[in-house]
Amino acid sequence: MLENGRSHISVRNLSVSYGKLEVLKNVTVDVPDRQITAIIGPSGCGKTTLLNCFNRLIDLKEGVKVSGSVLVDGADIYNDTSVDPTEIRKKMGLLFQKPFPLPMSIYDNIVYGPRLHGSYSRRDLDQMVEKQLKTVGLWEEVKDRLGSPAVRLSAGQQQRLCLARGLAVEPEAILADEPTSALDPVSTQHIERTFNELKKNYTIVLVTHILRQARRVADYIIFIYMGELIEHGPAEAVLNNPREKRTQAYMKGEIS
Amino acid sequence: MAFNRRRTEENIFKVLMIAATATVISTLFVVFIVVLYRGLPALTWAMVTELPRGGYYLGGGGGILNAIVGSLYLALGGTLIALVLALPVALFLQRDYIRNFKLSRAIRLSLDVLWGVPSIVYGVFGFIIMLYLGMRASLLGGIIVLSLLELPIMIRAMDEVIRMVPAELKEISYAMGATRLETVTRVVCRQAFPGIISAMLLAFGRGIGDAASVLFTAGYTDSLPQSLFDPVASLPLAVFFQIGTPFPLVQERAYASAVILLLIVLTLSLVSRFLTNKYNKYIVR
């Protein structure tokens, strides 16, 4: 499907419905490995639903029906019964619109994931905390108060902490659902810069309704409109020369 | 004109709300003051450290240590048993486990009905079971019936605070590969901790203050229980028996017993407030 590069997450004929409402209609698309893919489209179009299919978080929603398949590293995470959803989720770091620190200290937030999956010595954990906080550029700001509650950090710091917390599980991909919509411009810039660093090692899927953000960071674009996949391709091509009428209309701000 | 009507409405309702609040608070204060005014003079060191001596209910010497110890045993035991059962039920009621909304609603409704069952019904029910089993009124019987009385209160109070835990917080935990049990014990319980403590306190308060449920099941005695199978006294019944005597001196002691009951509940409130404050700073709002 992809012209160049390997696909990390492959979506095949994916349909999702809540009761009678079909939110995703027969979507087939590939997410390239180690690039930033932006899922764009008007609100309510199914962007978040698609994202939640990648780590089976969609399972937690009420009355939801999923058909078709999603392949992660070649394994069908919906139809292959040997796939454990917790293992799939571990592969995908998740970032929400609003930062949600866990109700514990900064330190405990970072080591929450690792502690679920193995036992580490205090020294290993200390190193892990330092490494991840440095990755997101938070270490200098918080190194003297690792034991204080994570909720005392500013929103921008909290979101960076959430990113570090996700990275501590050593995922393969980062799924971010409008991660900067609750942040100020400086914090937004911080997150975007970190994403650009992280794409060397991680596949990043970014749901955004801000076109300018997609222009700034995305390598690949998936445009969804009313549950349908309208257009996808390298960012340059889709953003500058959209082929589909509906994509063109969205770019011009005619549909939202 | 329209503007004026709305402003008048606003003012009338404001006055009504203030009046309602003032009524409630002042009633509470009157109860407090009457109990303290009549109880404090009779509250002697002997009251809280001695068992009733011969002729205590006729104005003789001694105290109500039997009722204080009995009430603490009963309420702590009942609350402990209720806690062990209530927390799993409250956690199980959440969407993480019961996906069927109708089922969880039915369970909540039955718990609300149980909450409304008068305590004398629990007492009589417990009494019948105990007769059937050949048990006599005892500490154990009282503890079990109190735990039954406290369970619906504790479960529903915990349920309400656990339901307030943001879904995202749980999703974050699941997204890192946590199981339901890990999510519930490490994230949900932490976030809901202050509410869980309040729920325990609410149930404890209901338990320690209840007379009807322990009347038949725990009995009453002037001595301290030596085992779970001995009958045991309780403060609400001590108040009841003393106030029912024709002697003013003993009636004063009934008020003093009520003061002790209030002090126990107050102390526990303060301890729980201290505990929750310690954890409050971690809570995600």
# chains A, B, ... in the order shown; residues from 1 in each chain; ligands from 1
>>> select_by_dssp(residues="region 101-203 of chain A", states="strand (DSSP E or B)", output="list in words")
Ser105, Pro149, Ala173, Ile174, Leu175, Ala176, Asp177 and Thr203 of chain A
>>> closest_atom_pairs(of="chain B", to="chain A", cutoff="8 Å", atoms="only C-alpha atoms", output="tab-separated table")
residue	atom	partner	partner_atom	distance
B:Asp96	CA	A:Leu60	CA	7.5
B:Arg99	CA	A:Glu62	CA	7.1
B:Glu168	CA	A:Phe100	CA	7.1
B:Leu169	CA	A:Phe100	CA	6.4
B:Glu171	CA	A:Leu57	CA	7.3
B:Ile172	CA	A:Leu94	CA	7.0
B:Ser173	CA	A:Gly113	CA	7.9
B:Tyr174	CA	A:Arg89	CA	7.2
B:Ala175	CA	A:Arg89	CA	5.0
B:Met176	CA	A:Lys90	CA	5.0
B:Gly177	CA	A:Thr86	CA	4.2
B:Ala178	CA	A:Thr86	CA	6.5
B:Thr179	CA	A:Thr86	CA	7.0
B:Glu182	CA	A:Leu116	CA	7.9
B:Val187	CA	A:Leu102	CA	6.9
B:Arg190	CA	A:Pro103	CA	6.6
B:Gln191	CA	A:Pro103	CA	5.8
B:Lys281	CA	A:Pro149	CA	6.5
B:Tyr282	CA	A:Pro103	CA	4.8
B:Ile283	CA	A:Pro103	CA	4.9
B:Val284	CA	A:Pro103	CA	5.6
>>> write_last_selection(atoms="N, CA and C atoms", output="short mmCIF file (atom, residue, chain, number, x, y, z; two decimals), in the first residue's frame")
data_model
loop_
_atom_site.label_atom_id
_atom_site.label_comp_id
_atom_site.auth_asym_id
_atom_site.auth_seq_id
_atom_site.Cartn_x
_atom_site.Cartn_y
_atom_site.Cartn_z
N ASP B 96 -16.24 -1.12 34.24
CA ASP B 96 -15.11 -1.98 33.90
C ASP B 96 -15.50 -3.45 34.02
N ARG B 99 -20.76 -4.62 32.22
CA ARG B 99 -20.98 -3.81 31.03
C ARG B 99 -22.47 -3.54 30.82
N GLU B 168 -10.83 8.69 31.74
CA GLU B 168 -9.52 8.80 31.12
C GLU B 168 -8.41 8.22 32.00
N LEU B 169 -8.60 8.41 33.32
CA LEU B 169 -7.60 7.92 34.26
C LEU B 169 -7.48 6.41 34.16
N GLU B 171 -8.46 4.68 31.47
CA GLU B 171 -8.00 4.35 30.12
C GLU B 171 -6.47 4.45 30.03
N ILE B 172 -5.92 5.48 30.72
CA ILE B 172 -4.47 5.64 30.75
C ILE B 172 -3.82 4.37 31.28
N SER B 173 -4.39 3.87 32.37
CA SER B 173 -3.83 2.69 32.99
C SER B 173 -3.95 1.48 32.05
N TYR B 174 -5.14 1.33 31.46
CA TYR B 174 -5.31 0.22 30.51
C TYR B 174 -4.37 0.37 29.33
N ALA B 175 -4.19 1.63 28.88
CA ALA B 175 -3.36 1.87 27.71
C ALA B 175 -1.91 1.49 27.96
N MET B 176 -1.53 1.43 29.25
CA MET B 176 -0.16 1.01 29.54
C MET B 176 -0.08 -0.49 29.75
N GLY B 177 -1.18 -1.17 29.47
CA GLY B 177 -1.16 -2.62 29.56
C GLY B 177 -1.55 -3.16 30.93
N ALA B 178 -2.19 -2.33 31.76
CA ALA B 178 -2.62 -2.80 33.07
C ALA B 178 -3.88 -3.65 32.93
N THR B 179 -4.03 -4.61 33.84
CA THR B 179 -5.27 -5.39 33.86
C THR B 179 -6.31 -4.58 34.64
N GLU B 182 -5.32 -4.41 38.36
CA GLU B 182 -4.24 -3.45 38.59
C GLU B 182 -4.76 -2.02 38.52
N VAL B 187 -5.01 2.64 40.71
CA VAL B 187 -5.41 3.98 40.27
C VAL B 187 -6.77 4.38 40.87
N ARG B 190 -6.87 4.71 44.71
CA ARG B 190 -6.09 5.87 45.14
C ARG B 190 -6.86 7.17 44.91
N GLN B 191 -7.41 7.27 43.71
CA GLN B 191 -8.14 8.48 43.36
C GLN B 191 -9.37 8.65 44.25
N LYS B 281 -3.80 15.69 48.20
CA LYS B 281 -2.95 16.45 47.31
C LYS B 281 -2.59 15.69 46.04
N TYR B 282 -2.76 14.34 46.06
CA TYR B 282 -2.44 13.57 44.86
C TYR B 282 -3.62 13.46 43.90
N ILE B 283 -4.80 13.80 44.40
CA ILE B 283 -6.02 13.55 43.64
C ILE B 283 -6.07 14.39 42.37
N VAL B 284 -6.47 13.74 41.28
CA VAL B 284 -6.61 14.44 40.00
C VAL B 284 -8.00 15.05 39.92
#
>>> closest_residue(among="A:Gln158, A:Thr247, A:Asn196, A:Asn79", to="Ile221 (chain A)", atoms="only C-alpha atoms")
A:Thr247
>>> residues_around(residues="region 270-275 of chain B", least_positions_apart="2", cutoff="10 Å", atoms="only C-alpha atoms", output="number ranges by chain")
B: 193-194, 197-198, 200-201, 265-268, 277-280
>>> select_by_dssp(residues="region 67-173 of chain A", states="alpha helix (DSSP H)", output="ChimeraX atom specification")
/A:85-90,106-117,122-135,139-142,155-167
>>> atom_distance(atom1="CA of Val214 (chain B)", atom2="CA of Pro52 (chain B)")
19.7 Å
>>> closest_residue(among="A:Asp59, A:Asp144, A:Glu231, A:Glu192", to="Ile39 (chain A)", atoms="only C-alpha atoms")
A:Glu231
>>> decode(residues="region 136-149 of chain A", atoms="all heavy atoms", output="PDB file, in the first residue's frame")
ATOM      1  N   VAL A 136      11.671  14.119  27.384  1.00  0.00           N
ATOM      2  CA  VAL A 136      10.590  15.077  27.147  1.00  0.00           C
ATOM      3  C   VAL A 136      10.959  16.483  27.620  1.00  0.00           C
ATOM      4  O   VAL A 136      10.126  17.378  27.601  1.00  0.00           O
ATOM      5  CB  VAL A 136       9.272  14.633  27.832  1.00  0.00           C
ATOM      6  CG1 VAL A 136       8.807  13.309  27.268  1.00  0.00           C
ATOM      7  CG2 VAL A 136       9.442  14.547  29.340  1.00  0.00           C
ATOM      8  N   GLY A 137      12.217  16.639  28.080  1.00  0.00           N
ATOM      9  CA  GLY A 137      12.675  17.963  28.486  1.00  0.00           C
ATOM     10  C   GLY A 137      12.065  18.471  29.772  1.00  0.00           C
ATOM     11  O   GLY A 137      11.813  19.673  29.921  1.00  0.00           O
ATOM     12  N   LEU A 138      11.817  17.554  30.709  1.00  0.00           N
ATOM     13  CA  LEU A 138      11.186  17.970  31.963  1.00  0.00           C
ATOM     14  C   LEU A 138      12.137  17.811  33.150  1.00  0.00           C
ATOM     15  O   LEU A 138      11.894  18.332  34.226  1.00  0.00           O
ATOM     16  CB  LEU A 138       9.925  17.113  32.185  1.00  0.00           C
ATOM     17  CG  LEU A 138       8.853  17.601  33.140  1.00  0.00           C
ATOM     18  CD1 LEU A 138       8.332  18.959  32.732  1.00  0.00           C
ATOM     19  CD2 LEU A 138       7.707  16.602  33.211  1.00  0.00           C
ATOM     20  N   TRP A 139      13.244  17.105  32.922  1.00  0.00           N
ATOM     21  CA  TRP A 139      14.130  16.725  34.019  1.00  0.00           C
ATOM     22  C   TRP A 139      14.628  17.923  34.822  1.00  0.00           C
ATOM     23  O   TRP A 139      14.527  17.936  36.041  1.00  0.00           O
ATOM     24  CB  TRP A 139      15.313  15.920  33.469  1.00  0.00           C
ATOM     25  CG  TRP A 139      16.345  15.567  34.496  1.00  0.00           C
ATOM     26  CD1 TRP A 139      17.591  16.077  34.596  1.00  0.00           C
ATOM     27  CD2 TRP A 139      16.187  14.629  35.568  1.00  0.00           C
ATOM     28  NE1 TRP A 139      18.237  15.517  35.668  1.00  0.00           N
ATOM     29  CE2 TRP A 139      17.407  14.635  36.285  1.00  0.00           C
ATOM     30  CE3 TRP A 139      15.156  13.806  35.995  1.00  0.00           C
ATOM     31  CZ2 TRP A 139      17.614  13.833  37.405  1.00  0.00           C
ATOM     32  CZ3 TRP A 139      15.363  13.006  37.119  1.00  0.00           C
ATOM     33  CH2 TRP A 139      16.576  13.027  37.814  1.00  0.00           C
ATOM     34  N   GLU A 140      15.133  18.929  34.119  1.00  0.00           N
ATOM     35  CA  GLU A 140      15.695  20.083  34.828  1.00  0.00           C
ATOM     36  C   GLU A 140      14.642  20.772  35.696  1.00  0.00           C
ATOM     37  O   GLU A 140      14.931  21.291  36.765  1.00  0.00           O
ATOM     38  CB  GLU A 140      16.282  21.095  33.830  1.00  0.00           C
ATOM     39  CG  GLU A 140      17.585  20.638  33.191  1.00  0.00           C
ATOM     40  CD  GLU A 140      18.661  20.306  34.227  1.00  0.00           C
ATOM     41  OE1 GLU A 140      18.784  21.041  35.233  1.00  0.00           O
ATOM     42  OE2 GLU A 140      19.374  19.291  34.033  1.00  0.00           O
ATOM     43  N   GLU A 141      13.391  20.759  35.217  1.00  0.00           N
ATOM     44  CA  GLU A 141      12.333  21.478  35.933  1.00  0.00           C
ATOM     45  C   GLU A 141      11.860  20.735  37.184  1.00  0.00           C
ATOM     46  O   GLU A 141      11.381  21.349  38.124  1.00  0.00           O
ATOM     47  CB  GLU A 141      11.127  21.708  35.000  1.00  0.00           C
ATOM     48  CG  GLU A 141      11.420  22.694  33.884  1.00  0.00           C
ATOM     49  CD  GLU A 141      10.407  22.581  32.745  1.00  0.00           C
ATOM     50  OE1 GLU A 141       9.208  22.707  33.012  1.00  0.00           O
ATOM     51  OE2 GLU A 141      10.831  22.360  31.597  1.00  0.00           O
ATOM     52  N   VAL A 142      11.953  19.407  37.178  1.00  0.00           N
ATOM     53  CA  VAL A 142      11.336  18.665  38.286  1.00  0.00           C
ATOM     54  C   VAL A 142      12.298  17.793  39.086  1.00  0.00           C
ATOM     55  O   VAL A 142      11.879  17.136  40.036  1.00  0.00           O
ATOM     56  CB  VAL A 142      10.176  17.758  37.790  1.00  0.00           C
ATOM     57  CG1 VAL A 142       9.114  18.592  37.099  1.00  0.00           C
ATOM     58  CG2 VAL A 142      10.680  16.660  36.882  1.00  0.00           C
ATOM     59  N   LYS A 143      13.595  17.795  38.734  1.00  0.00           N
ATOM     60  CA  LYS A 143      14.482  16.805  39.357  1.00  0.00           C
ATOM     61  C   LYS A 143      14.552  16.935  40.879  1.00  0.00           C
ATOM     62  O   LYS A 143      14.869  15.973  41.561  1.00  0.00           O
ATOM     63  CB  LYS A 143      15.878  16.876  38.744  1.00  0.00           C
ATOM     64  CG  LYS A 143      16.591  18.195  38.977  1.00  0.00           C
ATOM     65  CD  LYS A 143      17.975  18.188  38.363  1.00  0.00           C
ATOM     66  CE  LYS A 143      18.640  19.521  38.616  1.00  0.00           C
ATOM     67  NZ  LYS A 143      19.874  19.682  37.839  1.00  0.00           N
ATOM     68  N   ASP A 144      14.249  18.105  41.409  1.00  0.00           N
ATOM     69  CA  ASP A 144      14.327  18.290  42.857  1.00  0.00           C
ATOM     70  C   ASP A 144      13.019  18.003  43.571  1.00  0.00           C
ATOM     71  O   ASP A 144      12.934  18.109  44.787  1.00  0.00           O
ATOM     72  CB  ASP A 144      14.752  19.735  43.181  1.00  0.00           C
ATOM     73  CG  ASP A 144      16.103  20.058  42.582  1.00  0.00           C
ATOM     74  OD1 ASP A 144      16.975  19.166  42.617  1.00  0.00           O
ATOM     75  OD2 ASP A 144      16.265  21.179  42.064  1.00  0.00           O
ATOM     76  N   ARG A 145      11.984  17.692  42.828  1.00  0.00           N
ATOM     77  CA  ARG A 145      10.706  17.424  43.489  1.00  0.00           C
ATOM     78  C   ARG A 145       9.987  16.236  42.861  1.00  0.00           C
ATOM     79  O   ARG A 145       8.798  16.286  42.584  1.00  0.00           O
ATOM     80  CB  ARG A 145       9.816  18.667  43.469  1.00  0.00           C
ATOM     81  CG  ARG A 145       9.780  19.332  42.104  1.00  0.00           C
ATOM     82  CD  ARG A 145       8.833  20.495  42.100  1.00  0.00           C
ATOM     83  NE  ARG A 145       8.878  21.149  40.812  1.00  0.00           N
ATOM     84  CZ  ARG A 145       7.809  21.629  40.192  1.00  0.00           C
ATOM     85  NH1 ARG A 145       6.637  21.512  40.736  1.00  0.00           N
ATOM     86  NH2 ARG A 145       7.919  22.225  39.036  1.00  0.00           N
ATOM     87  N   LEU A 146      10.746  15.178  42.676  1.00  0.00           N
ATOM     88  CA  LEU A 146      10.171  13.978  42.053  1.00  0.00           C
ATOM     89  C   LEU A 146       9.089  13.349  42.920  1.00  0.00           C
ATOM     90  O   LEU A 146       8.208  12.660  42.425  1.00  0.00           O
ATOM     91  CB  LEU A 146      11.275  12.950  41.779  1.00  0.00           C
ATOM     92  CG  LEU A 146      12.294  13.371  40.725  1.00  0.00           C
ATOM     93  CD1 LEU A 146      13.438  12.372  40.644  1.00  0.00           C
ATOM     94  CD2 LEU A 146      11.628  13.506  39.363  1.00  0.00           C
ATOM     95  N   GLY A 147       9.174  13.614  44.235  1.00  0.00           N
ATOM     96  CA  GLY A 147       8.209  12.994  45.139  1.00  0.00           C
ATOM     97  C   GLY A 147       6.930  13.787  45.307  1.00  0.00           C
ATOM     98  O   GLY A 147       5.992  13.331  45.955  1.00  0.00           O
ATOM     99  N   SER A 148       6.867  14.971  44.708  1.00  0.00           N
ATOM    100  CA  SER A 148       5.664  15.775  44.922  1.00  0.00           C
ATOM    101  C   SER A 148       4.572  15.363  43.941  1.00  0.00           C
ATOM    102  O   SER A 148       4.840  14.780  42.892  1.00  0.00           O
ATOM    103  CB  SER A 148       6.003  17.263  44.803  1.00  0.00           C
ATOM    104  OG  SER A 148       6.214  17.596  43.461  1.00  0.00           O
ATOM    105  N   PRO A 149       3.314  15.639  44.302  1.00  0.00           N
ATOM    106  CA  PRO A 149       2.200  15.177  43.474  1.00  0.00           C
ATOM    107  C   PRO A 149       2.280  15.690  42.041  1.00  0.00           C
ATOM    108  O   PRO A 149       2.574  16.863  41.825  1.00  0.00           O
ATOM    109  CB  PRO A 149       0.972  15.771  44.171  1.00  0.00           C
ATOM    110  CG  PRO A 149       1.406  16.042  45.562  1.00  0.00           C
ATOM    111  CD  PRO A 149       2.861  16.369  45.500  1.00  0.00           C
TER     112      PRO A 149
END
